[in-house]
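Quick look at protein-v7.cif (mmCIF, C-alpha atoms):
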data_upload
loop_
_atom_site.label_atom_id
_atom_site.label_comp_id
_atom_site.auth_asym_id
_atom_site.auth_seq_id
_atom_site.Cartn_x
_atom_site.Cartn_y
_atom_site.Cartn_z
CA MET A 1 -20.71 17.11 -6.54
CA CYS A 2 -17.37 15.43 -6.50
CA VAL A 3 -14.52 16.97 -4.52
CA GLU A 4 -10.94 15.68 -4.66
CA LYS A 5 -10.07 14.23 -1.27
CA THR A 6 -7.09 15.54 0.65
CA PRO A 7 -4.30 13.03 1.44
CA TRP A 8 -5.52 12.95 5.06
CA GLU A 9 -9.08 12.16 3.98
CA GLN A 10 -7.83 9.48 1.60
CA VAL A 11 -5.91 7.80 4.41
CA ILE A 12 -8.74 7.99 6.95
CA ASP A 13 -11.35 6.80 4.43
CA PHE A 14 -9.21 3.81 3.58
CA HIS A 15 -8.28 3.02 7.17
CA GLY A 16 -11.82 3.32 8.49
CA HIS A 17 -11.20 5.27 11.67
CA THR A 18 -9.07 8.09 13.07
CA CYS A 19 -6.50 7.04 15.65
CA PRO A 20 -3.05 8.07 16.91
CA GLU A 21 -1.24 5.31 14.99
CA ILE A 22 -2.70 6.20 11.63
CA SER A 23 -1.71 9.82 12.31
CA LEU A 24 1.83 8.66 13.01
CA GLY A 25 1.84 6.70 9.74
CA TYR A 26 0.44 9.69 7.87
CA ARG A 27 3.25 11.91 9.11
CA VAL A 28 5.97 9.33 8.38
CA ALA A 29 4.56 8.77 4.88
CA GLN A 30 4.63 12.52 4.18
CA ILE A 31 8.24 12.83 5.37
CA ALA A 32 9.22 9.93 3.10
CA ILE A 33 7.50 11.59 0.12
CA ARG A 34 9.30 14.86 0.84
CA GLU A 35 12.68 13.15 1.17
CA LEU A 36 12.39 10.52 -1.59
CA GLY A 37 9.53 11.66 -3.81
CA ILE A 38 7.07 9.33 -5.48
CA ARG A 39 8.57 7.93 -8.61
CA PRO A 40 6.67 4.91 -9.78
CA THR A 41 8.70 3.59 -12.69
CA ALA A 42 8.82 0.20 -14.31
CA ASP A 43 12.38 -0.26 -13.08
CA SER A 44 12.33 0.94 -9.49
CA GLU A 45 9.65 0.24 -6.94
CA LEU A 46 9.45 1.55 -3.41
CA ILE A 47 9.68 -1.06 -0.66
CA VAL A 48 8.69 -0.16 2.88
CA THR A 49 9.86 -2.26 5.81
CA ALA A 50 8.14 -1.56 9.12
CA TYR A 51 9.60 -2.90 12.36
CA THR A 52 6.21 -3.15 14.01
CA HIS A 53 2.67 -3.87 12.83
CA SER A 54 0.20 -1.11 13.56
CA CYS A 55 -2.52 1.00 11.99
CA ALA A 56 0.30 3.23 10.68
CA LEU A 57 0.86 0.80 7.79
CA ASP A 58 -2.36 1.84 6.09
CA ALA A 59 -0.97 5.34 5.54
CA PHE A 60 1.96 3.89 3.58
CA GLN A 61 -0.45 1.82 1.50
CA VAL A 62 -2.39 4.93 0.46
CA LEU A 63 0.30 7.60 0.24
CA ASN A 64 3.47 5.71 -0.68
CA HIS A 65 1.75 3.21 -2.99
CA VAL A 66 3.19 0.14 -1.33
CA THR A 67 0.53 -2.47 -0.66
CA TYR A 68 0.20 -5.66 1.32
CA GLY A 69 -1.17 -7.49 -1.73
CA ARG A 70 1.73 -6.55 -3.97
CA GLY A 71 4.20 -7.47 -1.26
CA ASN A 72 6.19 -4.24 -1.19
CA LEU A 73 5.02 -3.46 2.35
CA ILE A 74 6.87 -5.76 4.70
CA VAL A 75 6.71 -6.12 8.48
CA HIS A 76 9.61 -7.45 10.56
CA GLU A 77 8.07 -7.45 14.00
CA LYS A 78 10.47 -5.96 16.53
CA LYS A 79 7.92 -3.81 18.42
CA SER A 80 9.79 -0.77 17.22
CA HIS A 81 8.40 2.22 15.32
CA VAL A 82 11.22 2.29 12.80
CA TYR A 83 10.37 2.56 9.11
CA HIS A 84 12.71 1.90 6.24
CA PHE A 85 11.95 3.19 2.72
CA GLN A 86 14.02 1.83 -0.14
CA TYR A 87 13.81 2.00 -3.92
CA SER A 88 14.44 -1.45 -5.39
CA GLY A 89 17.53 -1.71 -7.54
CA THR A 90 19.05 1.41 -5.96
CA SER A 91 21.11 2.11 -2.88
CA GLU A 92 18.83 5.04 -2.06
CA GLY A 93 16.99 4.54 1.19
CA LEU A 94 15.56 6.44 4.12
CA GLN A 95 15.13 5.29 7.70
CA ILE A 96 12.67 7.07 9.98
CA SER A 97 12.74 6.28 13.69
CA ILE A 98 9.99 7.68 15.91
CA GLU A 99 11.22 9.39 19.07
CA ALA A 100 10.44 7.54 22.32
CA GLN A 101 8.46 10.45 23.78
CA MET A 102 5.91 10.13 20.95
CA LEU A 103 5.14 6.50 21.66
CA GLU A 104 3.32 7.08 24.94
CA HIS A 105 0.69 8.95 22.92
CA LEU A 106 -0.09 5.83 20.90
CA SER A 107 -1.56 3.78 23.72
CA GLY A 108 -5.33 3.34 23.75
CA ALA A 109 -7.49 5.52 25.97
CA ASP A 110 -8.19 4.30 29.50
CA ASP A 111 -11.29 2.07 29.64
CA GLN A 112 -12.57 3.92 32.70
CA LEU A 113 -13.09 7.11 30.72
CA THR A 114 -16.44 8.02 29.20
CA ARG A 115 -16.86 7.87 25.42
CA ARG A 116 -16.52 11.64 25.15
CA GLU A 117 -13.40 11.66 27.34
CA LYS A 118 -11.82 8.90 25.24
CA GLN A 119 -12.60 10.83 22.07
CA ASN A 120 -10.97 13.95 23.50
CA LYS A 121 -7.89 12.01 24.59
CA THR A 122 -7.58 10.50 21.10
CA LEU A 123 -7.89 13.91 19.46
CA GLU A 124 -5.26 15.38 21.79
CA ALA A 125 -2.89 12.53 20.93
CA ILE A 126 -3.45 13.06 17.19
CA GLN A 127 -2.84 16.81 17.51
CA PHE A 128 0.35 16.08 19.44
CA ILE A 129 1.58 13.57 16.83
CA LEU A 130 0.81 15.86 13.89
CA GLY A 131 1.86 19.10 15.55
CA THR A 132 5.13 18.28 17.33
CA GLU A 133 8.18 19.80 15.74
CA GLU A 134 9.78 17.28 13.36
CA THR A 135 13.11 17.02 15.20
CA LEU A 136 11.18 15.94 18.32
CA PHE A 137 8.89 13.61 16.31
CA CYS A 138 11.49 11.46 14.60
CA THR A 139 15.03 10.96 13.45
CA SER A 140 15.33 10.43 9.73
CA GLN A 141 18.46 9.58 7.82
CA LYS A 142 19.38 8.59 4.31
CA VAL A 143 20.88 5.12 4.40
CA MET B 1 -12.71 17.93 -13.59
CA CYS B 2 -13.22 15.32 -10.95
CA VAL B 3 -14.98 12.10 -11.88
CA GLU B 4 -16.00 9.47 -9.34
CA LYS B 5 -13.87 6.39 -9.93
CA THR B 6 -15.53 3.05 -10.62
CA PRO B 7 -14.84 0.25 -8.11
CA TRP B 8 -12.52 -1.35 -10.69
CA GLU B 9 -10.56 1.89 -11.12
CA GLN B 10 -10.34 2.33 -7.35
CA VAL B 11 -8.88 -1.16 -6.98
CA ILE B 12 -6.38 -0.82 -9.85
CA ASP B 13 -5.28 2.66 -8.74
CA PHE B 14 -4.62 1.37 -5.24
CA HIS B 15 -2.94 -1.84 -6.36
CA GLY B 16 -0.71 -0.13 -8.91
CA HIS B 17 -1.02 -2.55 -11.81
CA THR B 18 -3.55 -4.75 -13.60
CA CYS B 19 -2.98 -8.48 -13.24
CA PRO B 20 -4.97 -11.73 -13.14
CA GLU B 21 -4.79 -12.02 -9.32
CA ILE B 22 -6.17 -8.57 -8.64
CA SER B 23 -9.00 -9.38 -11.07
CA LEU B 24 -9.72 -12.54 -9.10
CA GLY B 25 -9.78 -10.54 -5.87
CA TYR B 26 -12.05 -7.92 -7.44
CA ARG B 27 -14.57 -10.57 -8.42
CA VAL B 28 -14.46 -12.31 -5.02
CA ALA B 29 -14.88 -8.96 -3.25
CA GLN B 30 -17.94 -8.15 -5.37
CA ILE B 31 -19.54 -11.54 -4.66
CA ALA B 32 -18.97 -11.00 -0.93
CA ILE B 33 -20.60 -7.56 -1.09
CA ARG B 34 -23.59 -9.00 -2.94
CA GLU B 35 -23.99 -11.85 -0.45
CA LEU B 36 -23.16 -10.05 2.81
CA GLY B 37 -23.47 -6.34 2.06
CA ILE B 38 -21.25 -3.66 3.56
CA ARG B 39 -22.38 -2.77 7.00
CA PRO B 40 -19.72 -0.92 8.90
CA THR B 41 -21.13 -0.55 12.39
CA ALA B 42 -19.43 0.07 15.71
CA ASP B 43 -20.46 -3.40 16.86
CA SER B 44 -19.72 -5.64 13.93
CA GLU B 45 -16.67 -5.51 11.73
CA LEU B 46 -15.94 -7.62 8.68
CA ILE B 47 -12.95 -9.93 8.97
CA VAL B 48 -11.48 -11.54 5.86
CA THR B 49 -9.27 -14.60 6.11
CA ALA B 50 -7.40 -15.55 2.95
CA TYR B 51 -5.75 -18.93 2.63
CA THR B 52 -3.04 -17.62 0.36
CA HIS B 53 -1.19 -14.36 -0.06
CA SER B 54 -1.56 -12.76 -3.47
CA CYS B 55 -2.35 -9.51 -5.22
CA ALA B 56 -6.04 -10.41 -4.73
CA LEU B 57 -5.86 -9.11 -1.14
CA ASP B 58 -5.69 -5.51 -2.29
CA ALA B 59 -9.19 -5.76 -3.75
CA PHE B 60 -10.55 -6.70 -0.30
CA GLN B 61 -8.74 -3.75 1.22
CA VAL B 62 -10.41 -1.32 -1.15
CA LEU B 63 -13.87 -2.83 -1.66
CA ASN B 64 -14.58 -4.70 1.58
CA HIS B 65 -12.89 -2.15 3.87
CA VAL B 66 -10.68 -4.65 5.64
CA THR B 67 -7.09 -3.45 5.85
CA TYR B 68 -3.73 -4.90 6.73
CA GLY B 69 -3.05 -2.02 9.12
CA ARG B 70 -6.26 -2.50 11.08
CA GLY B 71 -5.68 -6.23 11.26
CA ASN B 72 -9.03 -7.38 9.88
CA LEU B 73 -7.41 -8.87 6.78
CA ILE B 74 -5.66 -12.05 7.81
CA VAL B 75 -3.62 -14.55 5.80
CA HIS B 76 -3.27 -18.20 6.78
CA GLU B 77 -0.90 -19.44 4.12
CA LYS B 78 -2.11 -22.73 2.70
CA LYS B 79 -1.49 -21.95 -0.99
CA SER B 80 -5.20 -22.17 -1.55
CA HIS B 81 -7.49 -19.55 -3.13
CA VAL B 82 -10.15 -19.86 -0.44
CA TYR B 83 -11.55 -16.70 1.13
CA HIS B 84 -13.59 -16.51 4.30
CA PHE B 85 -15.70 -13.43 5.12
CA GLN B 86 -17.08 -13.13 8.63
CA TYR B 87 -18.77 -10.38 10.61
CA SER B 88 -17.26 -10.21 14.10
CA GLY B 89 -19.68 -11.01 16.89
CA THR B 90 -22.02 -12.86 14.51
CA SER B 91 -22.23 -16.37 13.16
CA GLU B 92 -22.79 -14.97 9.69
CA GLY B 93 -20.01 -15.89 7.31
CA LEU B 94 -19.33 -16.65 3.69
CA GLN B 95 -16.67 -18.90 2.21
CA ILE B 96 -15.63 -18.49 -1.42
CA SER B 97 -13.43 -21.15 -3.00
CA ILE B 98 -12.01 -20.54 -6.47
CA GLU B 99 -12.47 -23.40 -8.92
CA ALA B 100 -9.28 -25.23 -9.89
CA GLN B 101 -9.67 -24.48 -13.61
CA MET B 102 -9.38 -20.73 -12.90
CA LEU B 103 -6.03 -21.06 -11.17
CA GLU B 104 -4.02 -21.90 -14.27
CA HIS B 105 -4.89 -18.44 -15.56
CA LEU B 106 -3.13 -16.82 -12.60
CA SER B 107 0.40 -17.88 -13.48
CA GLY B 108 2.70 -15.24 -14.92
CA ALA B 109 3.27 -14.98 -18.66
CA ASP B 110 6.10 -17.01 -20.18
CA ASP B 111 9.40 -15.11 -20.12
CA GLN B 112 10.11 -16.08 -23.72
CA LEU B 113 7.17 -14.00 -24.98
CA THR B 114 7.61 -10.43 -26.22
CA ARG B 115 6.25 -7.58 -24.11
CA ARG B 116 3.23 -7.25 -26.39
CA GLU B 117 2.55 -11.00 -26.26
CA LYS B 118 2.78 -10.98 -22.44
CA GLN B 119 0.37 -8.05 -22.28
CA ASN B 120 -2.11 -9.88 -24.51
CA LYS B 121 -1.83 -13.05 -22.44
CA THR B 122 -2.47 -11.06 -19.26
CA LEU B 123 -5.50 -9.35 -20.77
CA GLU B 124 -6.90 -12.68 -21.94
CA ALA B 125 -6.49 -14.12 -18.43
CA ILE B 126 -8.25 -11.11 -16.89
CA GLN B 127 -11.12 -11.37 -19.35
CA PHE B 128 -11.43 -15.07 -18.56
CA ILE B 129 -11.43 -14.45 -14.78
CA LEU B 130 -13.97 -11.63 -14.97
CA GLY B 131 -16.14 -13.20 -17.68
CA THR B 132 -16.46 -16.86 -16.70
CA GLU B 133 -19.90 -17.81 -15.46
CA GLU B 134 -19.98 -17.62 -11.65
CA THR B 135 -20.72 -21.32 -11.05
CA LEU B 136 -17.53 -22.15 -12.98
CA PHE B 137 -15.55 -19.38 -11.25
CA CYS B 138 -16.12 -20.31 -7.62
CA THR B 139 -18.13 -22.15 -5.04
CA SER B 140 -19.57 -19.89 -2.39
CA GLN B 141 -21.46 -20.97 0.67
CA LYS B 142 -22.80 -19.33 3.80
CA VAL B 143 -21.03 -20.84 6.80
#
Encoding of this model in structure tokens:
Amino acid sequence: MCVEKTPWEQVIDFHGHTCPEISLGYRVAQIAIRELGIRPTADSELIVTAYTHSCALDAFQVLNHVTYGRGNLIVHEKKSHVYHFQYSGTSEGLQISIEAQMLEHLSGADDQLTRREKQNKTLEAIQFILGTEETLFCTSQKV
Amino acid sequence: MCVEKTPWEQVIDFHGHTCPEISLGYRVAQIAIRELGIRPTADSELIVTAYTHSCALDAFQVLNHVTYGRGNLIVHEKKSHVYHFQYSGTSEGLQISIEAQMLEHLSGADDQLTRREKQNKTLEAIQFILGTEETLFCTSQKV
């Protein structure tokens, strides 16, 4: 039997593991889709600029159809979870900045914890990232 | 109805268009799978180093499960279509170098051609890349 994968499953399958950063990327990608839509046309291509490299990027590759190979996913490393979405040839863009309080949930689990404890901590972080009210998760603005 | 996509369809869907470079990546990725297998384990992860950035990288992301976000797809820009596959924590690796005669088929179609002519030229290049006998396509060696 063949069952259509959910967007979350598509992202996790592609990324290869479940972690707080990919959850953050998943949520940012969904906000961008809601705000800008997906409109692949011959004339206008989405370009995503991320201001830090992290697992989050893989969510944009799957959900926003920007890929590292094609070159429309760009990283300017500034250690900052700010994401800029822009349609080429248009002035229409969206900037999503993650709130500082979310970032502490991205750090890896303490090495002194057992495997089960680490797993629980990771799941708690993911639930927090996906479940926090959007105004506390990020600031997004059309630019 | 939901039909399981072929590896080629998975790669093209992810990449967003069909081009000679993604065809080259598709073929390299398939050779690597044949020679090394896919063995995602907790202890040993595949790392791909490409010595040039091109559309080809997206095929490795889909078929070899190395992604830009996770950081196991690395580019050392030397303008050279040489691809190194290595399992972390092992000495088992594979290097695939594309033969020079293939590279002329990667260049974009002449701007003076009509859209139809460009499309035909692209399709011819893809057929050449996918159909050329493997010994003329690349040199691969365990390293």
re CA of Cys138 (chain B) and CA of Glu92 (chain B): distance 19.3 Å
CA of Gly16 (chain B) and CA of Gly71 (chain A), how far apart in Å?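 CA of Gly16 (chain B) lies 11.7 Å from CA of Gly71 (chain A).
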Chain A residues within 9 Å of chain B, counting all atoms listed in the file: which ones, as a list of chain:residue names? A:Met1, A:Cys2, A:Val3, A:Glu4, A:Phe14, A:His15, A:Gly16, A:Ile22, A:Pro40, A:His53, A:Ser54, A:Cys55, A:Ala56, A:Leu57, A:Asp58, A:Ala59, A:Gln61, A:Val62, A:His65, A:Val66, A:Thr67, A:Tyr68, A:Gly69, A:Arg70, A:Gly71
Could you tell me which residues the PyMOL selection byres ((chain B and resi 82) around 6) returns for this structure, as a compact mmCIF listing (two decimals) with C-alpha atoms, in the frame of the given file?
# COMPACT_ATOMS: atom_id res chain seq x y z
CA TYR B 51 -5.75 -18.93 2.63
CA SER B 80 -5.20 -22.17 -1.55
CA HIS B 81 -7.49 -19.55 -3.13
CA TYR B 83 -11.55 -16.70 1.13
CA ILE B 96 -15.63 -18.49 -1.42
CA SER B 97 -13.43 -21.15 -3.00
Self-check item: For Leu94 (chain B), the nearest of the candidates B:Leu106, B:Leu123, B:Ile129, B:Val143, counting only C-alpha atoms
Solution: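 Smallest distance to Leu94 (chain B) is found for B:Val143.
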Just give me the gap between CA of Thr122 (chain A) and CA of Thr18 (chain A) in Å, one decimal is fine.
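Those two atoms sit 8.5 Å apart.
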Residue with the minimum atom-to-atom distance to Tyr26 (chain A), picked from A:Gln141, A:Gln95, A:Thr52, A:Asn64 with all atoms listed in the file counted, is A:Asn64
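Restricting the calculation to all atoms listed in the file, the smallest distance between Tyr87 (chain B) and any of B:Ala50, B:Ala32, B:Ala100, B:Leu130 is found for B:Ala32.
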Which neighbours of Ile47 (chain A) fall inside 6 Å, counting only C-alpha atoms, when residues of the same chain fewer than 5 positions from it are skipped, and could you give them as a short mmCIF file (atom, residue, chain, number, x, y, z; two decimals) with C-alpha atoms, in the frame of the given file?
data_model
loop_
_atom_site.label_atom_id
_atom_site.label_comp_id
_atom_site.auth_asym_id
_atom_site.auth_seq_id
_atom_site.Cartn_x
_atom_site.Cartn_y
_atom_site.Cartn_z
CA ASN A 72 6.19 -4.24 -1.19
CA PHE A 85 11.95 3.19 2.72
CA GLN A 86 14.02 1.83 -0.14
#
Judged by all atoms listed in the file, the minimum distance to Ala125 (chain B) among B:Thr90, B:Gln112, B:Ser107, B:Gln10 is found for B:Ser107
Write out as a list in words the residues lying within 12 Å of Glu134 (chain A), counting only C-alpha atoms and excluding same-chain residues fewer than 3 positions away.
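The filter keeps Leu24, Arg27, Val28, Gln30, Ile31, Ile96, Ser97, Ile98, Glu99, Met102, Phe128, Ile129, Leu130, Gly131, Phe137, Cys138, Thr139 and Ser140 of chain A.
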